[in-house]
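> Structure file final.tsv, TSV, C-alpha atoms, is pasted below:
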```
chain	number	residue	atom	x	y	z
A	1	ALA	CA	79.24	89.31	50.56
A	2	GLN	CA	75.91	91.07	50.89
A	3	SER	CA	72.99	88.73	51.49
A	4	VAL	CA	69.43	88.60	52.64
A	5	THR	CA	67.57	85.60	54.01
A	6	GLN	CA	63.86	85.04	54.21
A	7	PRO	CA	63.72	81.81	56.21
A	8	ASP	CA	60.10	80.95	55.39
A	9	ILE	CA	59.46	79.92	51.80
A	10	HIS	CA	55.71	79.53	52.29
A	11	ILE	CA	53.39	80.58	55.12
A	12	THR	CA	49.68	79.87	55.46
A	13	VAL	CA	47.50	81.87	57.83
A	14	SER	CA	43.79	82.15	58.44
A	15	GLU	CA	41.99	85.33	57.49
A	16	GLY	CA	41.88	87.63	60.52
A	17	ALA	CA	44.96	86.09	62.13
A	18	SER	CA	48.12	88.04	62.78
A	19	LEU	CA	51.13	87.76	60.51
A	20	GLU	CA	54.88	88.07	60.86
A	21	LEU	CA	57.25	87.53	57.95
A	22	ARG	CA	60.92	87.21	58.79
A	23	CYS	CA	63.81	88.91	57.05
A	24	ASN	CA	67.50	88.76	58.01
A	25	TYR	CA	70.34	90.54	56.27
A	26	SER	CA	74.10	90.52	56.54
A	27	TYR	CA	75.87	93.84	56.10
A	28	GLY	CA	78.48	95.84	57.89
A	29	ALA	CA	76.60	99.10	57.94
A	30	THR	CA	72.87	99.62	58.21
A	31	PRO	CA	71.47	99.27	54.71
A	32	TYR	CA	68.38	100.86	53.33
A	33	LEU	CA	65.65	98.29	53.93
A	34	PHE	CA	62.44	97.69	52.01
A	35	TRP	CA	59.49	95.36	51.87
A	36	TYR	CA	57.79	94.73	48.52
A	37	VAL	CA	54.67	92.73	47.73
A	38	GLN	CA	54.00	90.92	44.47
A	39	SER	CA	50.44	89.82	43.78
A	40	PRO	CA	50.02	86.91	41.34
A	41	GLY	CA	50.91	87.95	37.82
A	42	GLN	CA	51.75	91.49	38.88
A	43	GLY	CA	54.80	93.66	39.40
A	44	LEU	CA	56.26	94.60	42.75
A	45	GLN	CA	54.69	97.24	44.97
A	46	LEU	CA	56.55	99.00	47.75
A	47	LEU	CA	54.98	98.38	51.17
A	48	LEU	CA	57.37	100.31	53.38
A	49	LYS	CA	60.96	101.40	53.81
A	50	TYR	CA	63.54	102.17	56.49
A	51	PHE	CA	66.78	104.06	56.31
A	52	SER	CA	67.15	105.84	59.66
A	53	GLY	CA	65.26	107.12	62.68
A	54	ASP	CA	62.39	105.33	64.39
A	55	THR	CA	62.96	101.61	64.01
A	56	LEU	CA	59.24	100.85	63.75
A	57	VAL	CA	57.92	101.96	60.38
A	58	GLN	CA	54.39	102.00	59.07
A	59	GLY	CA	53.50	101.15	55.51
A	60	ILE	CA	50.54	100.82	53.24
A	61	LYS	CA	47.73	98.27	53.61
A	62	GLY	CA	48.13	98.16	57.42
A	63	PHE	CA	51.62	96.66	57.39
A	64	GLU	CA	54.46	97.62	59.72
A	65	ALA	CA	58.04	96.48	60.12
A	66	GLU	CA	60.62	96.76	62.86
A	67	PHE	CA	64.34	97.11	62.33
A	68	LYS	CA	66.46	95.37	64.97
A	69	ARG	CA	70.13	96.05	64.49
A	70	SER	CA	71.25	93.54	67.10
A	71	GLN	CA	69.43	90.75	65.29
A	72	SER	CA	70.07	92.05	61.74
A	73	SER	CA	66.37	91.68	61.14
A	74	PHE	CA	63.59	93.67	59.52
A	75	ASN	CA	60.43	91.63	60.09
A	76	LEU	CA	57.09	92.53	58.54
A	77	ARG	CA	53.91	92.38	60.62
A	78	LYS	CA	50.19	92.82	60.21
A	79	PRO	CA	47.68	92.43	63.07
A	80	SER	CA	44.84	91.02	60.98
A	81	VAL	CA	45.37	89.44	57.56
A	82	HIS	CA	42.87	89.87	54.73
A	83	TRP	CA	42.37	87.41	51.89
A	84	SER	CA	43.73	90.03	49.49
A	85	ASP	CA	47.10	89.89	51.28
A	86	ALA	CA	47.81	86.53	49.63
A	87	ALA	CA	50.92	87.27	47.58
A	88	GLU	CA	54.68	86.93	47.56
A	89	TYR	CA	56.73	89.20	49.80
A	90	PHE	CA	60.31	90.35	49.36
A	91	CYS	CA	62.67	92.31	51.63
A	92	PRO	CA	65.55	93.49	49.44
A	93	PRO	CA	68.12	95.65	51.19
A	94	LEU	CA	70.01	98.37	49.39
A	95	SER	CA	73.46	98.76	50.82
A	96	GLY	CA	74.36	102.28	51.83
A	97	ALA	CA	77.92	101.96	50.59
A	98	GLY	CA	78.68	101.51	46.91
A	99	SER	CA	75.86	99.22	45.88
A	100	TYR	CA	73.59	100.12	43.06
A	101	GLN	CA	71.08	97.37	43.38
A	102	LEU	CA	68.35	95.93	45.48
A	103	THR	CA	69.49	92.44	46.51
A	104	PHE	CA	66.54	90.06	46.48
A	105	GLY	CA	66.16	86.89	48.48
A	106	LYS	CA	63.88	84.09	47.41
A	107	GLY	CA	60.80	85.67	48.96
A	108	THR	CA	58.00	84.34	51.15
A	109	LYS	CA	54.75	83.19	49.63
A	110	LEU	CA	51.74	83.95	51.80
A	111	SER	CA	48.55	81.94	51.47
A	112	VAL	CA	45.39	83.03	53.32
A	113	ILE	CA	42.70	80.54	54.34
A	114	PRO	CA	39.17	82.00	54.39
B	1	ASN	CA	48.83	106.60	35.33
B	2	ALA	CA	52.43	107.55	36.04
B	3	GLY	CA	54.86	104.69	36.36
B	4	VAL	CA	56.94	102.16	34.47
B	5	THR	CA	55.51	100.68	31.28
B	6	GLN	CA	56.84	97.46	29.76
B	7	THR	CA	56.05	96.02	26.34
B	8	PRO	CA	55.19	93.40	25.36
B	9	LYS	CA	53.46	91.68	28.29
B	10	PHE	CA	53.84	88.20	26.80
B	11	GLN	CA	56.15	86.78	24.14
B	12	VAL	CA	57.01	83.36	22.79
B	13	LEU	CA	60.29	82.98	20.90
B	14	LYS	CA	61.98	80.14	19.15
B	15	THR	CA	65.53	79.29	20.13
B	16	GLY	CA	67.94	81.55	18.27
B	17	GLN	CA	65.46	84.34	17.58
B	18	SER	CA	66.14	87.85	18.75
B	19	MET	CA	63.88	90.39	20.39
B	20	THR	CA	63.90	93.62	22.34
B	21	LEU	CA	61.96	94.27	25.50
B	22	GLN	CA	60.92	97.87	25.89
B	23	CYS	CA	60.67	99.89	29.09
B	24	ALA	CA	59.64	103.50	29.60
B	25	GLN	CA	59.11	105.58	32.72
B	26	ASP	CA	57.42	108.96	33.03
B	27	MET	CA	58.57	109.91	36.54
B	28	ASN	CA	61.71	111.77	35.47
B	29	HIS	CA	63.84	109.12	37.20
B	30	ASN	CA	67.56	109.02	36.51
B	31	SER	CA	68.22	105.32	37.10
B	32	MET	CA	66.72	102.26	35.43
B	33	TYR	CA	67.13	98.50	35.91
B	34	TRP	CA	66.34	95.18	34.30
B	35	TYR	CA	65.66	92.14	36.51
B	36	ARG	CA	64.63	88.59	35.74
B	37	GLN	CA	62.50	86.45	38.02
B	38	ASP	CA	62.63	82.68	38.00
B	39	PRO	CA	60.65	80.34	40.26
B	40	GLY	CA	62.23	80.07	43.69
B	41	MET	CA	65.05	82.48	42.77
B	42	GLY	CA	63.71	85.89	43.65
B	43	LEU	CA	64.75	88.70	41.29
B	44	ARG	CA	68.23	88.94	39.83
B	45	LEU	CA	69.69	92.07	38.28
B	46	ILE	CA	70.65	91.78	34.62
B	47	TYR	CA	71.79	95.32	33.77
B	48	TYR	CA	71.26	98.78	35.13
B	49	SER	CA	71.69	102.36	34.02
B	50	ALA	CA	72.62	104.73	36.83
B	51	SER	CA	71.99	107.74	34.62
B	52	GLU	CA	71.34	108.59	30.99
B	53	GLY	CA	74.34	107.58	28.91
B	54	THR	CA	75.66	104.89	31.28
B	55	THR	CA	74.99	101.18	31.60
B	56	ASP	CA	76.55	98.50	33.78
B	57	LYS	CA	76.34	94.76	34.22
B	58	GLY	CA	74.44	93.25	37.09
B	59	GLU	CA	74.49	89.73	38.46
B	60	VAL	CA	73.37	87.82	35.33
B	61	PRO	CA	74.26	89.83	32.17
B	62	ASN	CA	75.30	86.98	29.84
B	63	GLY	CA	73.14	86.71	26.74
B	64	TYR	CA	71.71	90.21	27.06
B	65	ASN	CA	72.45	93.71	25.85
B	66	VAL	CA	70.86	96.99	26.89
B	67	SER	CA	70.39	100.48	25.49
B	68	ARG	CA	69.53	103.60	27.45
B	69	LEU	CA	67.86	105.38	24.58
B	70	ASN	CA	67.10	108.55	26.53
B	71	LYS	CA	66.17	109.43	30.09
B	72	ARG	CA	62.77	107.76	29.76
B	73	GLU	CA	63.58	104.54	27.92
B	74	PHE	CA	65.75	101.52	28.69
B	75	SER	CA	65.55	98.49	26.42
B	76	LEU	CA	66.79	94.92	26.90
B	77	ARG	CA	67.83	92.87	23.87
B	78	LEU	CA	68.19	89.14	23.50
B	79	GLU	CA	70.35	88.55	20.41
B	80	SER	CA	69.93	84.79	20.24
B	81	ALA	CA	67.32	83.52	22.64
B	82	ALA	CA	67.91	80.31	24.59
B	83	PRO	CA	65.47	78.21	26.66
B	84	SER	CA	67.41	79.26	29.78
B	85	GLN	CA	66.18	82.80	29.17
B	86	THR	CA	62.58	81.75	29.74
B	87	SER	CA	61.62	84.00	32.62
B	88	VAL	CA	59.60	86.99	33.74
B	89	TYR	CA	61.44	90.24	33.11
B	90	PHE	CA	60.90	93.33	35.20
B	91	CYS	CA	62.01	96.85	34.51
B	92	ALA	CA	62.37	99.29	37.40
B	93	SER	CA	63.38	102.89	37.92
B	94	SER	CA	64.49	105.16	40.74
B	95	VAL	CA	65.39	108.79	41.26
B	96	LEU	CA	68.97	107.88	42.15
B	97	PRO	CA	70.96	104.62	42.11
B	98	ARG	CA	70.95	104.51	45.91
B	99	ASP	CA	67.47	105.80	46.41
B	100	ILE	CA	66.00	105.78	49.90
B	101	HIS	CA	62.55	105.79	48.33
B	102	GLY	CA	63.10	102.45	46.62
B	103	TYR	CA	62.42	101.41	43.07
B	104	THR	CA	59.22	101.55	41.01
B	105	PHE	CA	58.61	98.36	39.05
B	106	GLY	CA	56.76	97.67	35.83
B	107	SER	CA	54.22	94.86	35.54
B	108	GLY	CA	56.62	92.52	33.78
B	109	THR	CA	57.13	90.69	30.48
B	110	ARG	CA	56.60	86.94	30.51
B	111	LEU	CA	58.99	85.41	27.96
B	112	THR	CA	58.98	81.79	26.86
B	113	VAL	CA	61.75	80.43	24.64
B	114	VAL	CA	60.94	77.12	22.96
```
Let me see the file written as structure tokens.

Amino acid sequence: AQSVTQPDIHITVSEGASLELRCNYSYGATPYLFWYVQSPGQGLQLLLKYFSGDTLVQGIKGFEAEFKRSQSSFNLRKPSVHWSDAAEYFCPPLSGAGSYQLTFGKGTKLSVIP
Amino acid sequence: NAGVTQTPKFQVLKTGQSMTLQCAQDMNHNSMYWYRQDPGMGLRLIYYSASEGTTDKGEVPNGYNVSRLNKREFSLRLESAAPSQTSVYFCASSVLPRDIHGYTFGSGTRLTVV
């Protein structure tokens, strides 16, 4: 069965510190991979995406993510966190073979300490 | 602004009442989706419409019906609301069902069933 795991339910970092959010998926083939951010009371906004090519992808708001096939991971990083980054983050994969849906995990809530 | 518009933003229903959640997109997307979000559960797909004239069940379709009214509009109906349907509902759209550009989400409808 297709699945995605975000091992960290809640992470707290200080403003200005670096950030890495983990995402692991289980699929046979390389899926299309995404990171979305959901600010409190808001909808989901696409941060970045990967489907082929360079495994390090750049997104909006200074975020980047690296696809590692050997580890089935697509971790999100940011070198210096801002207070406005406090939100919930999701990494739903979209299987490249016969799936019509983004498969969401439980997400990671990020809190930022001033 | 272009995007996905959901109405209403908030709704309180009594058990057994019916209502329809409306969703419209102005991006000329072919595919539309309804998700529900519950605390600690991520987003789960209720129904989707791969193209105008088609609808299919997602992960949690029980208690819901949908109508793809035209290419722009995709509504979700609760015929007899139950407290278990208290949730935040998100509509999304994409160019294609398996869209490498991801989905665009609306800002959500917060529904409480008492």
> Which is closest to chain A among B:Gly3, B:Gly102, B:Gly53, B:Pro61, if we use only C-alpha atoms?
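Going through B:Gly3, B:Gly102, B:Gly53, B:Pro61 one by one, the smallest distance to chain A is for B:Gly102.
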> Is there a way to get, as a ChimeraX atom specification, all residues within 9 Å of the point (50.5, 81.6, 52.7) in file coordinates, counting only C-alpha atoms?
/A:10-14,86-88,108-113
> Counting all atoms listed in the file, what is within 10 Å of B:Pro97, bar same-chain residues fewer than 3 positions away, as a ChimeraX atom specification?
/A:94,98-102 /B:29-33,48-51,93-94,100,102-103
> Nearest to chain B: which of A:Leu47, A:Ala17, A:Val81, A:Leu76 is it, counting all atoms listed in the file?
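Of all the options, A:Leu47 lies closest to chain B.
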> Which one of B:Tyr64, B:Phe90, B:Phe74, B:Trp34 sits closest to chain A if you count all atoms listed in the file?
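Among the listed residues, B:Phe90 lies closest to chain A.
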> Calculate how many Å separate atom CA of A:Ile60 from atom CA of A:Leu44, rounding to one decimal.
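Here the two named atoms are 13.5 Å from each other.
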> Per residue of chain B within 7 Å of chain A, record the nearest atom pair and its distance in Å to one decimal, counting all atoms listed in the file, with rows in chain order and ascending residue number, as a Markdown table.

```
| residue | atom | partner | partner_atom | distance |
| --- | --- | --- | --- | --- |
| B:Gly40 | CA | A:Lys106 | CA | 5.7 |
| B:Met41 | CA | A:Lys106 | CA | 5.0 |
| B:Gly42 | CA | A:Lys106 | CA | 4.2 |
| B:Leu43 | CA | A:Phe104 | CA | 5.7 |
| B:Arg44 | CA | A:Phe104 | CA | 7.0 |
| B:Pro97 | CA | A:Tyr100 | CA | 5.3 |
| B:Arg98 | CA | A:Tyr100 | CA | 5.9 |
| B:Ile100 | CA | A:Tyr32 | CA | 6.5 |
| B:Phe105 | CA | A:Leu44 | CA | 5.8 |
| B:Gly106 | CA | A:Gly43 | CA | 5.7 |
| B:Ser107 | CA | A:Gly43 | CA | 4.1 |
| B:Gly108 | CA | A:Gly43 | CA | 6.0 |
```
> Suppose you want the space between atom CA of B:Arg72 and atom CA of B:Thr104; what is it in Å?
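Value for the atom CA of B:Arg72-atom CA of B:Thr104 distance: 13.3 Å.
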> Between atom CA of A:Asn75 and atom CA of A:Thr55, what is the spacing in Å?
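Separation of atom CA of A:Thr55 and atom CA of A:Asn75: 11.0 Å.
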> Taking (69.6, 88.0, 58.1) in the file's coordinates as the center, which residues reach within 6 Å of it, counting only C-alpha atoms, put as number ranges by chain?
A: 4-5, 23-26, 72-73
> Which residue is closest to A:Pro114? Choose from A:Pro79, A:Val37, A:Ser3, A:Glu15 and count all atoms listed in the file.
A:Glu15
> Considering only C-alpha atoms, return as a list in words whatever protein or nucleic-acid residues lie within 6 Å of B:Ala24, sequence-local ones (same chain, fewer than 3 positions apart) excluded.
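Within the cut-off, the hits are Val4, Thr5, Arg72 and Glu73 of chain B.
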> May I have the residues from that selection written out with C-alpha atoms, as a PDB file, in the frame of the given file?

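Below is the file result36.pdb, written as the result:
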```
ATOM      1  CA  VAL B   4      56.940 102.160  34.470  1.00  0.00           C
ATOM      2  CA  THR B   5      55.510 100.680  31.280  1.00  0.00           C
ATOM      3  CA  ARG B  72      62.770 107.760  29.760  1.00  0.00           C
ATOM      4  CA  GLU B  73      63.580 104.540  27.920  1.00  0.00           C
TER       5      GLU B  73
END
```
> Need to verify the contact set: B:Val66, 12 Å, all atoms listed in the file, exclusion of same-chain residues closer than 6 positions in sequence. Can you return it as a PyMOL selection string?
chain B and resi 19-23+32-35+46-49+53-58+73-79+91
> Just to be explicit: take each residue in the selection above, keep C-alpha atoms, and write the result as a compact mmCIF listing (two decimals), in the coordinates of the input.

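Once everything was written out, this is result.txt:
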```txt
# COMPACT_ATOMS: atom_id res chain seq x y z
CA MET B 19 63.88 90.39 20.39
CA THR B 20 63.90 93.62 22.34
CA LEU B 21 61.96 94.27 25.50
CA GLN B 22 60.92 97.87 25.89
CA CYS B 23 60.67 99.89 29.09
CA MET B 32 66.72 102.26 35.43
CA TYR B 33 67.13 98.50 35.91
CA TRP B 34 66.34 95.18 34.30
CA TYR B 35 65.66 92.14 36.51
CA ILE B 46 70.65 91.78 34.62
CA TYR B 47 71.79 95.32 33.77
CA TYR B 48 71.26 98.78 35.13
CA SER B 49 71.69 102.36 34.02
CA GLY B 53 74.34 107.58 28.91
CA THR B 54 75.66 104.89 31.28
CA THR B 55 74.99 101.18 31.60
CA ASP B 56 76.55 98.50 33.78
CA LYS B 57 76.34 94.76 34.22
CA GLY B 58 74.44 93.25 37.09
CA GLU B 73 63.58 104.54 27.92
CA PHE B 74 65.75 101.52 28.69
CA SER B 75 65.55 98.49 26.42
CA LEU B 76 66.79 94.92 26.90
CA ARG B 77 67.83 92.87 23.87
CA LEU B 78 68.19 89.14 23.50
CA GLU B 79 70.35 88.55 20.41
CA CYS B 91 62.01 96.85 34.51
```
> Name all residues at most 10 Å from A:Lys61 (count all atoms listed in the file; drop same-chain ones fewer than 2 positions away) and give them as a list in words.
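These residues fall inside the cut-off: Leu47, Leu48, Gln58, Gly59, Phe63, Glu64, Lys78, Val81, His82 and Asp85 of chain A.
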> Please provide the set of residues having any atom within 10 Å of A:Arg77, restricted to only C-alpha atoms, with same-chain residues fewer than 6 positions apart removed, written as a ChimeraX atom specification.
/A:18-22,58,62-66
> Since the input is missing atoms for stretch 8-26 of chain B, could you rebuild it with N, CA, C and O atoms and give the result as a short mmCIF file (atom, residue, chain, number, x, y, z; two decimals), in the frame of the given file?

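Listed below is the output, rebuild-v3.cif:
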```cif
data_model
loop_
_atom_site.label_atom_id
_atom_site.label_comp_id
_atom_site.auth_asym_id
_atom_site.auth_seq_id
_atom_site.Cartn_x
_atom_site.Cartn_y
_atom_site.Cartn_z
N PRO B 8 56.56 93.90 25.22
CA PRO B 8 55.19 93.40 25.36
C PRO B 8 54.96 92.79 26.74
O PRO B 8 55.88 92.71 27.54
N LYS B 9 53.75 92.36 27.02
CA LYS B 9 53.46 91.68 28.29
C LYS B 9 53.75 90.19 28.19
O LYS B 9 54.10 89.56 29.19
N PHE B 10 53.58 89.63 27.02
CA PHE B 10 53.84 88.20 26.80
C PHE B 10 54.56 88.05 25.46
O PHE B 10 54.30 88.80 24.53
N GLN B 11 55.45 87.04 25.39
CA GLN B 11 56.15 86.78 24.14
C GLN B 11 56.62 85.34 24.15
O GLN B 11 57.12 84.84 25.16
N VAL B 12 56.45 84.69 23.00
CA VAL B 12 57.01 83.36 22.79
C VAL B 12 58.02 83.45 21.66
O VAL B 12 57.71 83.96 20.58
N LEU B 13 59.23 82.97 21.90
CA LEU B 13 60.29 82.98 20.90
C LEU B 13 60.77 81.57 20.62
O LEU B 13 60.69 80.71 21.51
N LYS B 14 61.29 81.39 19.44
CA LYS B 14 61.98 80.14 19.15
C LYS B 14 63.46 80.32 19.47
O LYS B 14 64.01 81.43 19.39
N THR B 15 64.11 79.25 19.84
CA THR B 15 65.53 79.29 20.13
C THR B 15 66.29 79.92 18.96
O THR B 15 66.07 79.55 17.81
N GLY B 16 67.15 80.89 19.29
CA GLY B 16 67.94 81.55 18.27
C GLY B 16 67.35 82.85 17.75
O GLY B 16 68.06 83.66 17.14
N GLN B 17 66.07 83.08 18.00
CA GLN B 17 65.46 84.34 17.58
C GLN B 17 65.92 85.47 18.48
O GLN B 17 66.38 85.26 19.61
N SER B 18 65.78 86.67 17.96
CA SER B 18 66.14 87.85 18.75
C SER B 18 64.89 88.68 19.03
O SER B 18 63.89 88.58 18.32
N MET B 19 64.97 89.46 20.09
CA MET B 19 63.88 90.39 20.39
C MET B 19 64.36 91.45 21.37
O MET B 19 65.39 91.27 22.04
N THR B 20 63.60 92.53 21.42
CA THR B 20 63.90 93.62 22.34
C THR B 20 62.70 93.87 23.24
O THR B 20 61.58 94.01 22.76
N LEU B 21 62.97 93.91 24.53
CA LEU B 21 61.96 94.27 25.50
C LEU B 21 62.09 95.77 25.77
O LEU B 21 63.18 96.29 26.00
N GLN B 22 60.93 96.42 25.74
CA GLN B 22 60.92 97.87 25.89
C GLN B 22 60.47 98.27 27.29
O GLN B 22 59.62 97.61 27.89
N CYS B 23 61.04 99.35 27.78
CA CYS B 23 60.67 99.89 29.09
C CYS B 23 60.72 101.41 29.03
O CYS B 23 61.70 101.97 28.53
N ALA B 24 59.68 102.05 29.56
CA ALA B 24 59.64 103.50 29.60
C ALA B 24 59.06 103.95 30.93
O ALA B 24 58.12 103.33 31.43
N GLN B 25 59.63 105.03 31.47
CA GLN B 25 59.11 105.58 32.72
C GLN B 25 58.84 107.08 32.52
O GLN B 25 59.56 107.75 31.79
N ASP B 26 57.80 107.55 33.19
CA ASP B 26 57.42 108.96 33.03
C ASP B 26 57.50 109.71 34.35
O ASP B 26 56.74 110.66 34.58
#
```
